[in-house]
Each structure stands twice: as C-alpha cells, then as structure tokens.
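Undergrad: Handing over query-v8.cif, mmCIF, C-alpha atoms and all ligand atoms.
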data_work
loop_
_atom_site.group_PDB
_atom_site.id
_atom_site.type_symbol
_atom_site.label_atom_id
_atom_site.label_comp_id
_atom_site.auth_asym_id
_atom_site.auth_seq_id
_atom_site.Cartn_x
_atom_site.Cartn_y
_atom_site.Cartn_z
ATOM 1 C CA MET A 2 94.781 114.761 91.555
ATOM 2 C CA MET A 3 95.058 118.435 90.797
ATOM 3 C CA SER A 4 95.600 119.685 94.350
ATOM 4 C CA TYR A 5 99.363 119.668 93.980
ATOM 5 C CA VAL A 6 99.601 121.405 90.636
ATOM 6 C CA ASN A 7 101.797 124.452 91.013
ATOM 7 C CA GLU A 8 100.826 127.228 88.615
ATOM 8 C CA TYR A 9 104.353 128.677 88.748
ATOM 9 C CA ASP A 10 106.001 125.379 87.951
ATOM 10 C CA THR A 11 103.664 124.196 85.215
ATOM 11 C CA PRO A 12 101.593 127.209 84.147
ATOM 12 C CA GLU A 13 98.624 126.325 82.004
ATOM 13 C CA CYS A 14 99.422 127.508 78.481
ATOM 14 C CA LYS A 15 98.285 126.756 74.966
ATOM 15 C CA THR A 16 101.447 124.877 74.048
ATOM 16 C CA LEU A 17 104.075 122.730 75.740
ATOM 17 C CA ALA A 18 106.740 125.191 74.646
ATOM 18 C CA GLU A 19 104.958 128.099 76.348
ATOM 19 C CA THR A 20 104.588 126.138 79.586
ATOM 20 C CA ALA A 21 108.261 125.156 79.461
ATOM 21 C CA LYS A 22 109.347 128.744 78.876
ATOM 22 C CA LYS A 23 107.087 130.254 81.537
ATOM 23 C CA SER A 24 107.867 127.739 84.266
ATOM 24 C CA ILE A 25 109.569 129.160 87.328
ATOM 25 C CA ARG A 26 112.367 126.642 86.698
ATOM 26 C CA THR A 27 113.235 128.193 83.358
ATOM 27 C CA PRO A 28 115.717 131.046 82.932
ATOM 28 C CA GLU A 29 114.377 133.806 80.678
ATOM 29 C CA SER A 30 117.399 133.456 78.428
ATOM 30 C CA MET A 31 116.663 129.811 77.581
ATOM 31 C CA GLY A 32 116.777 129.374 73.808
ATOM 32 C CA LEU A 33 114.056 126.800 73.239
ATOM 33 C CA ASP A 34 112.810 128.610 70.110
ATOM 34 C CA ARG A 35 116.377 128.914 68.871
ATOM 35 C CA CYS A 36 116.989 125.144 68.783
ATOM 36 C CA ILE A 37 118.490 124.171 65.421
ATOM 37 C CA GLN A 38 118.225 120.420 66.028
ATOM 38 C CA CYS A 39 121.997 120.076 65.804
ATOM 39 C CA GLY A 40 122.021 117.125 68.197
ATOM 40 C CA ALA A 41 124.910 118.399 70.353
ATOM 41 C CA CYS A 42 122.734 117.725 73.397
ATOM 42 C CA THR A 43 122.206 114.083 72.444
ATOM 43 C CA ALA A 44 125.874 113.687 71.542
ATOM 44 C CA SER A 45 126.916 114.828 75.022
ATOM 45 C CA CYS A 46 124.167 113.022 76.944
ATOM 46 C CA PRO A 47 125.358 109.996 78.976
ATOM 47 C CA ALA A 48 121.819 108.581 79.051
ATOM 48 C CA ALA A 49 121.666 108.757 75.250
ATOM 49 C CA ARG A 50 124.972 106.936 75.042
ATOM 50 C CA PHE A 51 123.570 103.837 76.673
ATOM 51 C CA THR A 52 119.901 103.920 75.614
ATOM 52 C CA ASP A 53 117.701 105.203 72.815
ATOM 53 C CA TYR A 54 116.988 108.390 74.730
ATOM 54 C CA SER A 55 117.482 111.655 72.854
ATOM 55 C CA PRO A 56 117.152 115.132 74.376
ATOM 56 C CA ARG A 57 117.137 116.527 70.828
ATOM 57 C CA GLN A 58 113.991 114.515 70.087
ATOM 58 C CA ILE A 59 112.387 115.666 73.325
ATOM 59 C CA VAL A 60 112.967 119.302 72.312
ATOM 60 C CA LYS A 61 111.571 118.566 68.843
ATOM 61 C CA LYS A 62 108.408 117.059 70.318
ATOM 62 C CA VAL A 63 107.956 120.076 72.554
ATOM 63 C CA LEU A 64 108.390 122.502 69.657
ATOM 64 C CA GLU A 65 105.843 120.479 67.668
ATOM 65 C CA ASN A 66 103.507 120.614 70.680
ATOM 66 C CA ASP A 67 103.257 116.844 70.602
ATOM 67 C CA ARG A 68 101.697 116.013 73.971
ATOM 68 C CA SER A 69 102.426 112.324 73.538
ATOM 69 C CA VAL A 70 105.852 113.222 74.918
ATOM 70 C CA LEU A 71 104.240 113.350 78.380
ATOM 71 C CA GLU A 72 103.458 109.657 78.157
ATOM 72 C CA SER A 73 106.879 108.719 76.902
ATOM 73 C CA GLU A 74 109.197 106.613 79.041
ATOM 74 C CA MET A 75 111.959 108.733 77.595
ATOM 75 C CA ILE A 76 111.361 111.749 79.797
ATOM 76 C CA TRP A 77 112.359 109.556 82.742
ATOM 77 C CA SER A 78 115.783 108.625 81.349
ATOM 78 C CA CYS A 79 117.475 111.944 82.127
ATOM 79 C CA PHE A 80 119.413 112.126 85.388
ATOM 80 C CA TYR A 81 120.065 115.870 85.481
ATOM 81 C CA CYS A 82 123.795 115.890 84.762
ATOM 82 C CA TYR A 83 123.335 119.145 82.794
ATOM 83 C CA SER A 84 125.803 118.202 80.021
ATOM 84 C CA CYS A 85 123.190 119.150 77.405
ATOM 85 C CA ASN A 86 122.656 122.466 79.136
ATOM 86 C CA VAL A 87 126.358 123.300 78.892
ATOM 87 C CA ARG A 88 126.873 122.081 75.328
ATOM 88 C CA CYS A 89 123.882 123.607 73.560
ATOM 89 C CA PRO A 90 125.109 126.285 71.129
ATOM 90 C CA ARG A 91 121.721 128.060 71.302
ATOM 91 C CA ASN A 92 121.511 128.322 75.074
ATOM 92 C CA ASN A 93 118.687 125.856 75.186
ATOM 93 C CA SER A 94 118.295 123.562 78.179
ATOM 94 C CA PRO A 95 116.783 120.159 77.395
ATOM 95 C CA VAL A 96 117.282 119.170 81.041
ATOM 96 C CA THR A 97 115.072 122.037 82.222
ATOM 97 C CA ILE A 98 112.446 121.120 79.647
ATOM 98 C CA VAL A 99 112.519 117.504 80.822
ATOM 99 C CA GLN A 100 111.932 118.661 84.400
ATOM 100 C CA VAL A 101 108.848 120.627 83.367
ATOM 101 C CA LEU A 102 107.554 117.724 81.267
ATOM 102 C CA ARG A 103 107.968 115.317 84.162
ATOM 103 C CA GLN A 104 105.993 117.579 86.448
ATOM 104 C CA MET A 105 103.278 117.977 83.803
ATOM 105 C CA ALA A 106 103.137 114.191 83.434
ATOM 106 C CA ILE A 107 102.820 113.765 87.208
ATOM 107 C CA ASN A 108 100.052 116.387 87.305
ATOM 108 C CA GLU A 109 98.166 114.179 84.879
ATOM 109 C CA GLY A 110 98.856 111.039 86.928
ATOM 110 C CA ILE A 111 101.308 109.704 84.360
ATOM 111 C CA GLY A 112 104.512 108.171 85.635
ATOM 112 C CA ILE A 113 103.809 108.897 89.290
ATOM 113 C CA GLU A 114 105.252 105.457 90.114
ATOM 114 C CA LYS A 115 108.645 106.759 88.978
ATOM 115 C CA LEU A 116 108.713 108.838 92.142
ATOM 116 C CA ALA A 117 108.850 105.694 94.295
ATOM 117 C CA TYR A 118 112.578 105.574 93.651
ATOM 118 C CA PHE A 119 113.069 109.051 95.097
ATOM 119 C CA LEU A 120 110.891 108.682 98.198
ATOM 120 C CA GLU A 121 113.732 106.913 99.985
ATOM 121 C CA ILE A 122 115.865 110.032 99.557
ATOM 122 C CA GLY A 123 113.215 112.227 101.189
ATOM 123 C CA GLU A 124 112.737 109.777 104.046
ATOM 124 C CA CYS A 125 116.475 109.640 104.733
ATOM 125 C CA LEU A 126 116.791 113.414 104.559
ATOM 126 C CA ALA A 127 113.972 113.867 107.050
ATOM 127 C CA GLU A 128 115.370 111.253 109.401
ATOM 128 C CA ASN A 129 119.115 111.846 109.206
ATOM 129 C CA GLY A 130 119.545 115.289 107.675
ATOM 130 C CA ALA A 131 121.490 113.652 104.859
ATOM 131 C CA SER A 132 120.668 112.282 101.443
ATOM 132 C CA LYS A 133 121.341 108.756 100.213
ATOM 133 C CA VAL A 134 121.470 106.625 97.093
ATOM 134 C CA PRO A 135 118.226 104.611 97.017
ATOM 135 C CA GLY A 136 118.416 100.810 97.148
ATOM 136 C CA ALA A 137 117.596 100.316 93.463
ATOM 137 C CA GLY A 138 120.377 102.760 92.558
ATOM 138 C CA ILE A 139 122.866 100.852 94.717
ATOM 139 C CA ARG A 140 121.968 97.607 92.959
ATOM 140 C CA ASN A 141 122.544 99.247 89.587
ATOM 141 C CA MET A 142 125.863 100.718 90.725
ATOM 142 C CA GLU A 143 127.016 97.281 91.811
ATOM 143 C CA LYS A 144 126.136 95.986 88.384
ATOM 144 C CA ASP A 145 127.617 98.893 86.427
ATOM 145 C CA LEU A 146 130.744 99.589 88.478
ATOM 146 C CA GLY A 147 131.451 96.015 89.466
ATOM 147 C CA GLU A 148 134.095 94.885 91.949
ATOM 148 C CA ARG A 149 135.530 98.327 92.522
ATOM 149 C CA TRP A 150 132.282 99.704 93.873
ATOM 150 C CA ILE A 151 131.482 96.555 95.823
ATOM 151 C CA GLY A 152 134.959 96.767 97.399
ATOM 152 C CA ILE A 153 134.361 100.349 98.498
ATOM 153 C CA LYS A 154 131.008 99.361 99.969
ATOM 154 C CA ARG A 155 132.514 96.443 101.883
ATOM 155 C CA ASN A 156 135.257 98.627 103.292
ATOM 156 C CA MET A 157 133.095 101.648 103.976
ATOM 157 C CA GLU A 158 133.595 101.552 107.733
ATOM 158 C CA PRO A 159 137.437 101.547 107.681
ATOM 159 C CA ILE A 160 137.451 104.149 104.884
ATOM 160 C CA ARG A 161 135.169 106.458 106.866
ATOM 161 C CA SER A 162 137.188 105.885 110.008
ATOM 162 C CA GLU A 163 140.437 106.707 108.176
ATOM 163 C CA LEU A 164 138.833 109.942 106.993
ATOM 164 C CA GLY A 165 137.811 110.757 110.546
ATOM 165 C CA LEU A 166 134.108 110.315 109.789
ATOM 166 C CA SER A 167 131.477 108.673 111.963
ATOM 167 C CA SER A 168 130.286 105.201 111.002
ATOM 168 C CA ARG A 169 127.154 106.487 109.304
ATOM 169 C CA ASP A 170 126.248 109.848 107.887
ATOM 170 C CA PHE A 171 123.893 111.093 110.570
ATOM 171 C CA ARG A 172 123.537 114.813 111.102
ATOM 172 C CA ASP A 173 121.802 116.361 114.030
ATOM 173 C CA THR A 174 119.938 119.182 112.340
ATOM 174 C CA HIS A 175 118.050 119.963 115.550
ATOM 175 C CA GLY A 176 114.786 119.354 113.739
ATOM 176 C CA GLU A 177 115.462 122.096 111.202
ATOM 177 C CA VAL A 178 115.329 119.800 108.155
ATOM 178 C CA GLN A 179 112.064 118.279 109.375
ATOM 179 C CA ALA A 180 110.666 121.781 109.997
ATOM 180 C CA ILE A 181 111.577 122.859 106.459
ATOM 181 C CA LEU A 182 110.048 119.721 104.950
ATOM 182 C CA GLU A 183 106.939 120.185 107.079
ATOM 183 C CA SER A 184 106.462 123.852 106.264
ATOM 184 C CA THR A 185 107.026 123.355 102.549
ATOM 185 C CA GLY A 186 104.371 120.635 102.497
ATOM 186 C CA TYR A 187 106.801 117.821 101.691
ATOM 187 C CA PHE A 188 105.262 115.284 104.045
ATOM 188 C CA GLU A 189 101.748 115.933 102.749
ATOM 189 C CA ARG A 190 102.958 115.589 99.204
ATOM 190 C CA GLU A 191 104.818 112.415 100.080
ATOM 191 C CA LYS A 192 101.606 110.931 101.464
ATOM 192 C CA TRP A 193 99.744 111.975 98.332
ATOM 193 C CA ILE A 194 102.371 110.388 96.068
ATOM 194 C CA LYS A 195 102.342 107.116 98.033
ATOM 195 C CA ALA A 196 98.551 106.976 97.914
ATOM 196 C CA ARG A 197 98.497 107.565 94.133
ATOM 197 C CA ILE A 198 101.133 104.893 93.563
ATOM 198 C CA GLN A 199 99.185 102.477 95.740
ATOM 199 C CA GLU A 200 95.992 103.262 93.811
ATOM 200 C CA LYS A 201 97.745 102.517 90.554
ATOM 201 C CA LYS A 202 99.066 99.272 91.970
ATOM 202 C CA ILE A 203 95.642 98.221 93.173
ATOM 203 C CA HIS A 204 94.136 98.954 89.785
ATOM 204 C CA GLY A 205 96.792 96.816 88.181
ATOM 205 C CA PHE A 206 98.518 99.575 86.237
ATOM 206 C CA LEU A 207 101.849 98.761 87.795
ATOM 207 C CA LYS A 208 103.549 95.508 87.135
ATOM 208 C CA THR A 209 106.507 96.193 89.426
ATOM 209 C CA ASP A 210 106.687 96.570 93.181
ATOM 210 C CA LEU A 211 106.757 99.979 94.915
ATOM 211 C CA LYS A 212 110.537 99.814 95.050
ATOM 212 C CA THR A 213 111.186 100.484 91.395
ATOM 213 C CA ASP A 214 113.976 98.344 90.042
ATOM 214 C CA CYS A 215 115.603 100.410 87.338
ATOM 215 C CA SER A 216 117.484 97.431 86.012
ATOM 216 C CA LYS A 217 114.202 96.046 84.686
ATOM 217 C CA ASN A 218 113.930 99.015 82.313
ATOM 218 C CA GLU A 219 117.285 98.569 80.693
ATOM 219 C CA LYS A 220 117.530 97.866 77.013
ATOM 220 C CA LYS A 221 114.056 99.289 76.553
ATOM 221 C CA SER A 222 113.715 100.893 73.150
ATOM 222 C CA GLY A 223 112.646 104.469 72.847
ATOM 223 C CA ASP A 224 108.962 104.767 72.181
ATOM 224 C CA PHE A 225 109.741 107.431 69.599
ATOM 225 C CA GLY A 226 112.213 105.163 67.907
ATOM 226 C CA PHE A 227 114.851 107.656 69.083
ATOM 227 C CA GLU A 228 118.139 107.438 67.258
ATOM 228 C CA SER A 229 117.205 103.818 66.662
ATOM 229 C CA ASP A 230 119.864 103.382 64.038
ATOM 230 C CA ARG A 231 122.586 103.976 66.604
ATOM 231 C CA GLU A 232 124.275 100.837 67.788
ATOM 232 C CA TYR A 233 126.212 101.185 70.975
ATOM 233 C CA THR A 234 126.412 98.280 73.310
ATOM 234 C CA GLY A 235 127.896 100.203 76.223
ATOM 235 C CA GLN A 236 131.128 99.751 78.103
ATOM 236 C CA GLU A 237 131.982 96.823 80.255
ATOM 237 C CA ALA A 238 131.728 97.260 83.999
ATOM 238 C CA LEU A 239 134.749 98.940 85.537
ATOM 239 C CA THR A 240 136.800 96.414 87.453
ATOM 240 C CA VAL A 241 140.136 96.682 89.238
HETATM 241 S S1 LIG B 1 122.116 121.167 71.411
HETATM 242 FE FE1 LIG B 1 120.628 122.812 71.624
HETATM 243 S S2 LIG B 1 120.261 123.526 69.538
HETATM 244 FE FE2 LIG B 1 121.251 121.546 69.377
HETATM 245 S S3 LIG B 1 119.511 120.066 69.258
HETATM 246 FE FE3 LIG B 1 120.093 120.219 71.402
HETATM 247 S S4 LIG B 1 118.721 121.783 72.241
HETATM 248 FE FE4 LIG B 1 118.701 122.015 70.008
HETATM 249 S S1 LIG B 2 120.840 116.473 81.865
HETATM 250 FE FE1 LIG B 2 119.649 114.727 81.141
HETATM 251 S S2 LIG B 2 119.280 115.144 78.963
HETATM 252 FE FE2 LIG B 2 120.936 116.499 79.647
HETATM 253 S S3 LIG B 2 122.809 115.422 79.157
HETATM 254 FE FE3 LIG B 2 122.323 114.903 81.288
HETATM 255 S S4 LIG B 2 121.083 113.020 81.206
HETATM 256 FE FE4 LIG B 2 121.152 113.897 79.131
#
Spell out the structure here as structure tokens.
TA:
Amino acid sequence: MMSYVNEYDTPECKTLAETAKKSIRTPESMGLDRCIQCGACTASCPAARFTDYSPRQIVKKVLENDRSVLESEMIWSCFYCYSCNVRCPRNNSPVTIVQVLRQMAINEGIGIEKLAYFLEIGECLAENGASKVPGAGIRNMEKDLGERWIGIKRNMEPIRSELGLSSRDFRDTHGEVQAILESTGYFEREKWIKARIQEKKIHGFLKTDLKTDCSKNEKKSGDFGFESDREYTGQEALTV
C-alpha cells in the first residue's frame, strides 16, 4: 500500500496542517494559518451550492488536526474550479488542501475507488493523446444540462465538420504521450489502483461497480453536518 506514497506530495508531519503546507503542491505564500473562517470560499464554491460540502469546514478540520476529515466523503466533492482559491481574502487555498487530503486518504487506502472515475481519462490520453469526459460524467451532464447538451452530443459530427475538425479527437503524438506516462510510472500506478479497487470490491467494501456512478451520491448529506441549515434545492436543468 505504501509503495506509491510520495514524500514530496504528502510529507509525513505531526499535523495535517503541516503536511498541507509542506506539500510540493502548496505555494509558500498559502495562508492556511491566516484563515479567519469567513466562509467566502464556501459562498463561492459551486459544489457547496448544490450539496452540503463546505471548503470552510474542511479548512477548519485541518487546522484542528481532525484526521477524520480523511475519511469524509466531503473531500471528494471538490472539482478543482479554484473559485475558493481566488476569493479567499487571506490567500488560503482550500482546493490545494483538498488535493493533499485526497492523496493522504489514498495513501491510507481510503477512497481509492473514487479514482475509478478518472482511470478512463488516463486510458484515453494514453491511447489518443487527448483527454475525455468519463462515461459517468457524460451521464450526469445529460441529466444536469438536459436537452441542450444532448442536442450537441447528437450533432457532434456535423458541428465538428463545420469547424473543420476530424470526426473524433485523435492526435498522433508519435508515442510521446505514452513515453511520458511510462517514464513517470503512470501505467504501474494505474495497475496498482485497479488492483486495490478490485481488492476492495472482492472484500465487499464497495457496493457500486468499478465505473463509479456519481449520480448515486447526489443528495448525500455531509458527514460533518456541513452547513446543514442551508436549504438550496438547485436550479432546474438548462433547456432550450
Ligand atoms: S475564504 Fe479563506 S479565510 Fe475565509 S474561510 Fe475560506 S479559507 Fe478561510
Ligand atoms: S476548487 Fe473545489 S472547494 Fe474550491 S470552489 Fe471549486 S469546487 Fe469548491
């Protein structure tokens, strides 16, 4: 389990805050200790708008060195839009902290199944030199964006042709992408992740299939009772 722990990414420290600050992901200027719990991050967070997720609470847990945060579903709600990073008046970066927490959780075997969603991206990148939206994401987009998105999908070929693009986004990278992924150990890590997910499945820890369906997690309450007094039902799907 520990063979993929990167000491630069998640250095072993006495507290969560120290690890977050010393991670190679973290800019030295990040104001974690300067957080005043103003909630501007949560107010600007799209994930918080539709769920009980709260970056402010995540930061609080880290400052309190509450390691239960690693087991929280909440650290998986962020989708790295960086709004919190831009809005924080104290130059803190909840999104960076979430990234470190996720990696720490994975190091401990917690939440590794969440990576199943992203494996499709790596596979497509290796094969075609281009990224993609994984299947579960497409299904959610159809649900959230409604007819407009479905219409674009149906007419993808003529739209691409009108833009002078080939029918699918294939790029001949002359093996360079594969070489980079190989030399950085991506394929080995991918194998390791798949094996761990499979192990968890076999031992009955996972109720869902390998292809994580994000829609099954919707409406899940925050396990910290995050902002639980907020009532926001979300917007209706965009239709044209
Ligand atoms: S916006 Fe910044 S200072 Fe305010 S709660 Fe969030 S992290 Fe803390
Ligand atoms: S980066 Fe994550 S925590 Fe920050 S605003 Fe976006 S979704 Fe919310």
Undergrad: Determine the residue membership of the PyMOL selection byres (((not hetatm)) within 9 of (chain B and resi 1)) for the file above and supply it as a count of residues only.
TA: 31
Undergrad: If you apply the PyMOL selection byres (((not hetatm)) within 6 of (chain B and resi 2)) to this file, what residues do you get, as a PDB file with C-alpha atoms, in the coordinates of the input?
TA:
ATOM      1  CA  SER A  45     126.916 114.828  75.022  1.00  0.00           C
ATOM      2  CA  CYS A  46     124.167 113.022  76.944  1.00  0.00           C
ATOM      3  CA  PRO A  47     125.358 109.996  78.976  1.00  0.00           C
ATOM      4  CA  ALA A  48     121.819 108.581  79.051  1.00  0.00           C
ATOM      5  CA  PRO A  56     117.152 115.132  74.376  1.00  0.00           C
ATOM      6  CA  CYS A  79     117.475 111.944  82.127  1.00  0.00           C
ATOM      7  CA  PHE A  80     119.413 112.126  85.388  1.00  0.00           C
ATOM      8  CA  TYR A  81     120.065 115.870  85.481  1.00  0.00           C
ATOM      9  CA  CYS A  82     123.795 115.890  84.762  1.00  0.00           C
ATOM     10  CA  TYR A  83     123.335 119.145  82.794  1.00  0.00           C
ATOM     11  CA  SER A  84     125.803 118.202  80.021  1.00  0.00           C
ATOM     12  CA  CYS A  85     123.190 119.150  77.405  1.00  0.00           C
ATOM     13  CA  PRO A  95     116.783 120.159  77.395  1.00  0.00           C
ATOM     14  CA  VAL A  96     117.282 119.170  81.041  1.00  0.00           C
TER      15      VAL A  96
END
Undergrad: Give as an mmCIF file with C-alpha atoms, keeping the file's coordinate frame the residues that the PyMOL selection byres (((chain A and resi 110-123) around 6) and not hetatm) matches when applied to the coordinates above.
TA:
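Here's the written file expr_13.cif:
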data_model
loop_
_atom_site.group_PDB
_atom_site.id
_atom_site.type_symbol
_atom_site.label_atom_id
_atom_site.label_comp_id
_atom_site.auth_asym_id
_atom_site.auth_seq_id
_atom_site.Cartn_x
_atom_site.Cartn_y
_atom_site.Cartn_z
ATOM 1 C CA ALA A 106 103.137 114.191 83.434
ATOM 2 C CA ILE A 107 102.820 113.765 87.208
ATOM 3 C CA ASN A 108 100.052 116.387 87.305
ATOM 4 C CA GLU A 109 98.166 114.179 84.879
ATOM 5 C CA GLU A 124 112.737 109.777 104.046
ATOM 6 C CA CYS A 125 116.475 109.640 104.733
ATOM 7 C CA LEU A 126 116.791 113.414 104.559
ATOM 8 C CA SER A 132 120.668 112.282 101.443
ATOM 9 C CA LYS A 133 121.341 108.756 100.213
ATOM 10 C CA PRO A 135 118.226 104.611 97.017
ATOM 11 C CA ILE A 198 101.133 104.893 93.563
ATOM 12 C CA THR A 213 111.186 100.484 91.395
#
Undergrad: I need the residue nearest Leu64 in chain A from this list: A:Thr185, A:Ser167, A:Thr20, A:Gln100. Use all atoms listed in the file for the distance.
TA: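 Looking at the shortest contact to Leu64 in chain A, the residue is A:Thr20.
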Undergrad: When you draw a straight line from CA of Val101 in chain A to CA of Ala21 in chain A, how long is it in Å?
TA: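 It comes out at 6.0 Å.
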Undergrad: Which value, in Å to one decimal, gives the distance between CA of Ala18 in chain A and CA of Leu71 in chain A?
TA: 12.7 Å
Undergrad: Out of A:Lys201, A:Arg169, A:Lys154, A:His175, which residue has the shortest atom-to-atom distance to Ala127 in chain A when counting only C-alpha atoms?
TA: A:His175
Undergrad: CA of Gly136 in chain A and CA of Glu163 in chain A are how many Å apart?
TA: 25.3 Å
Undergrad: (121.9, 99.3, 97.7) in this file's frame - what residues fall within 12 Å of it? Use only C-alpha atoms and give the answer as a ChimeraX atom specification.
TA: /A:118,121,133-144,150-151,154-155,212,214
Undergrad: Could you dump the residues just selected with C-alpha atoms as a PDB file, in the coordinates of the input?
TA:
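See again_35.pdb below for the written result:
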ATOM      1  CA  TYR A 118     112.578 105.574  93.651  1.00  0.00           C
ATOM      2  CA  GLU A 121     113.732 106.913  99.985  1.00  0.00           C
ATOM      3  CA  LYS A 133     121.341 108.756 100.213  1.00  0.00           C
ATOM      4  CA  VAL A 134     121.470 106.625  97.093  1.00  0.00           C
ATOM      5  CA  PRO A 135     118.226 104.611  97.017  1.00  0.00           C
ATOM      6  CA  GLY A 136     118.416 100.810  97.148  1.00  0.00           C
ATOM      7  CA  ALA A 137     117.596 100.316  93.463  1.00  0.00           C
ATOM      8  CA  GLY A 138     120.377 102.760  92.558  1.00  0.00           C
ATOM      9  CA  ILE A 139     122.866 100.852  94.717  1.00  0.00           C
ATOM     10  CA  ARG A 140     121.968  97.607  92.959  1.00  0.00           C
ATOM     11  CA  ASN A 141     122.544  99.247  89.587  1.00  0.00           C
ATOM     12  CA  MET A 142     125.863 100.718  90.725  1.00  0.00           C
ATOM     13  CA  GLU A 143     127.016  97.281  91.811  1.00  0.00           C
ATOM     14  CA  LYS A 144     126.136  95.986  88.384  1.00  0.00           C
ATOM     15  CA  TRP A 150     132.282  99.704  93.873  1.00  0.00           C
ATOM     16  CA  ILE A 151     131.482  96.555  95.823  1.00  0.00           C
ATOM     17  CA  LYS A 154     131.008  99.361  99.969  1.00  0.00           C
ATOM     18  CA  ARG A 155     132.514  96.443 101.883  1.00  0.00           C
ATOM     19  CA  LYS A 212     110.537  99.814  95.050  1.00  0.00           C
ATOM     20  CA  ASP A 214     113.976  98.344  90.042  1.00  0.00           C
TER      21      ASP A 214
END
Undergrad: Rank nothing, just name the residue among A:Asp10, A:Asp53, A:Glu72, A:Asp173 nearest to Lys23 in chain A, using only C-alpha atoms.
TA: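 The closest residue to Lys23 in chain A is A:Asp10.
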Undergrad: Which residues are near Gly176 in chain A? Cut-off 9 Å, all atoms listed in the file, ignore same chain within fewer than 4 positions. Put them as a list in words.
TA: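 The residues that qualify are Ala127, Gly130, Ala180 and Ile181 of chain A.
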Undergrad: Which one of A:Ser168, A:Thr11, A:Ser30, A:Thr16 sits closest to Glu65 in chain A if you count only C-alpha atoms?
TA: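 The closest residue to Glu65 in chain A is A:Thr16.
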Undergrad: Counting only C-alpha atoms, figure out which residue out of A:Gly147, A:Ile25, A:Tyr5, A:Ile203 gets nearest to Glu191 in chain A.
TA: A:Tyr5
Undergrad: Can you rebuild range 97-113 of chain A with N, CA and C atoms and give it as a PDB file, in the frame of the given file?
TA:
ATOM      1  N   THR A  97     116.131 121.249  81.576  1.00  0.00           N
ATOM      2  CA  THR A  97     115.072 122.037  82.222  1.00  0.00           C
ATOM      3  C   THR A  97     113.718 121.666  81.628  1.00  0.00           C
ATOM      4  N   ILE A  98     113.699 121.481  80.320  1.00  0.00           N
ATOM      5  CA  ILE A  98     112.446 121.120  79.647  1.00  0.00           C
ATOM      6  C   ILE A  98     111.954 119.760  80.149  1.00  0.00           C
ATOM      7  N   VAL A  99     112.885 118.832  80.308  1.00  0.00           N
ATOM      8  CA  VAL A  99     112.519 117.504  80.822  1.00  0.00           C
ATOM      9  C   VAL A  99     111.906 117.621  82.219  1.00  0.00           C
ATOM     10  N   GLN A 100     112.471 118.489  83.045  1.00  0.00           N
ATOM     11  CA  GLN A 100     111.932 118.661  84.400  1.00  0.00           C
ATOM     12  C   GLN A 100     110.481 119.150  84.359  1.00  0.00           C
ATOM     13  N   VAL A 101     110.219 120.100  83.479  1.00  0.00           N
ATOM     14  CA  VAL A 101     108.848 120.627  83.367  1.00  0.00           C
ATOM     15  C   VAL A 101     107.911 119.535  82.832  1.00  0.00           C
ATOM     16  N   LEU A 102     108.388 118.796  81.842  1.00  0.00           N
ATOM     17  CA  LEU A 102     107.554 117.724  81.267  1.00  0.00           C
ATOM     18  C   LEU A 102     107.229 116.658  82.315  1.00  0.00           C
ATOM     19  N   ARG A 103     108.218 116.326  83.123  1.00  0.00           N
ATOM     20  CA  ARG A 103     107.968 115.317  84.162  1.00  0.00           C
ATOM     21  C   ARG A 103     106.870 115.801  85.112  1.00  0.00           C
ATOM     22  N   GLN A 104     106.993 117.070  85.516  1.00  0.00           N
ATOM     23  CA  GLN A 104     105.993 117.579  86.448  1.00  0.00           C
ATOM     24  C   GLN A 104     104.617 117.608  85.803  1.00  0.00           C
ATOM     25  N   MET A 105     104.564 117.984  84.509  1.00  0.00           N
ATOM     26  CA  MET A 105     103.278 117.977  83.803  1.00  0.00           C
ATOM     27  C   MET A 105     102.709 116.562  83.749  1.00  0.00           C
ATOM     28  N   ALA A 106     103.587 115.590  83.498  1.00  0.00           N
ATOM     29  CA  ALA A 106     103.137 114.191  83.434  1.00  0.00           C
ATOM     30  C   ALA A 106     102.567 113.777  84.792  1.00  0.00           C
ATOM     31  N   ILE A 107     103.285 114.131  85.859  1.00  0.00           N
ATOM     32  CA  ILE A 107     102.820 113.765  87.208  1.00  0.00           C
ATOM     33  C   ILE A 107     101.480 114.431  87.503  1.00  0.00           C
ATOM     34  N   ASN A 108     101.338 115.700  87.095  1.00  0.00           N
ATOM     35  CA  ASN A 108     100.052 116.387  87.305  1.00  0.00           C
ATOM     36  C   ASN A 108      98.905 115.604  86.681  1.00  0.00           C
ATOM     37  N   GLU A 109      99.207 114.938  85.584  1.00  0.00           N
ATOM     38  CA  GLU A 109      98.166 114.179  84.879  1.00  0.00           C
ATOM     39  C   GLU A 109      98.120 112.718  85.331  1.00  0.00           C
ATOM     40  N   GLY A 110      98.874 112.407  86.387  1.00  0.00           N
ATOM     41  CA  GLY A 110      98.856 111.039  86.928  1.00  0.00           C
ATOM     42  C   GLY A 110      99.691 110.067  86.118  1.00  0.00           C
ATOM     43  N   ILE A 111     100.478 110.599  85.184  1.00  0.00           N
ATOM     44  CA  ILE A 111     101.308 109.704  84.360  1.00  0.00           C
ATOM     45  C   ILE A 111     102.677 109.583  85.024  1.00  0.00           C
ATOM     46  N   GLY A 112     103.140 108.378  85.162  1.00  0.00           N
ATOM     47  CA  GLY A 112     104.512 108.171  85.635  1.00  0.00           C
ATOM     48  C   GLY A 112     104.721 108.458  87.107  1.00  0.00           C
ATOM     49  N   ILE A 113     103.628 108.576  87.871  1.00  0.00           N
ATOM     50  CA  ILE A 113     103.809 108.897  89.290  1.00  0.00           C
ATOM     51  C   ILE A 113     104.619 107.803  89.998  1.00  0.00           C
TER      52      ILE A 113
END
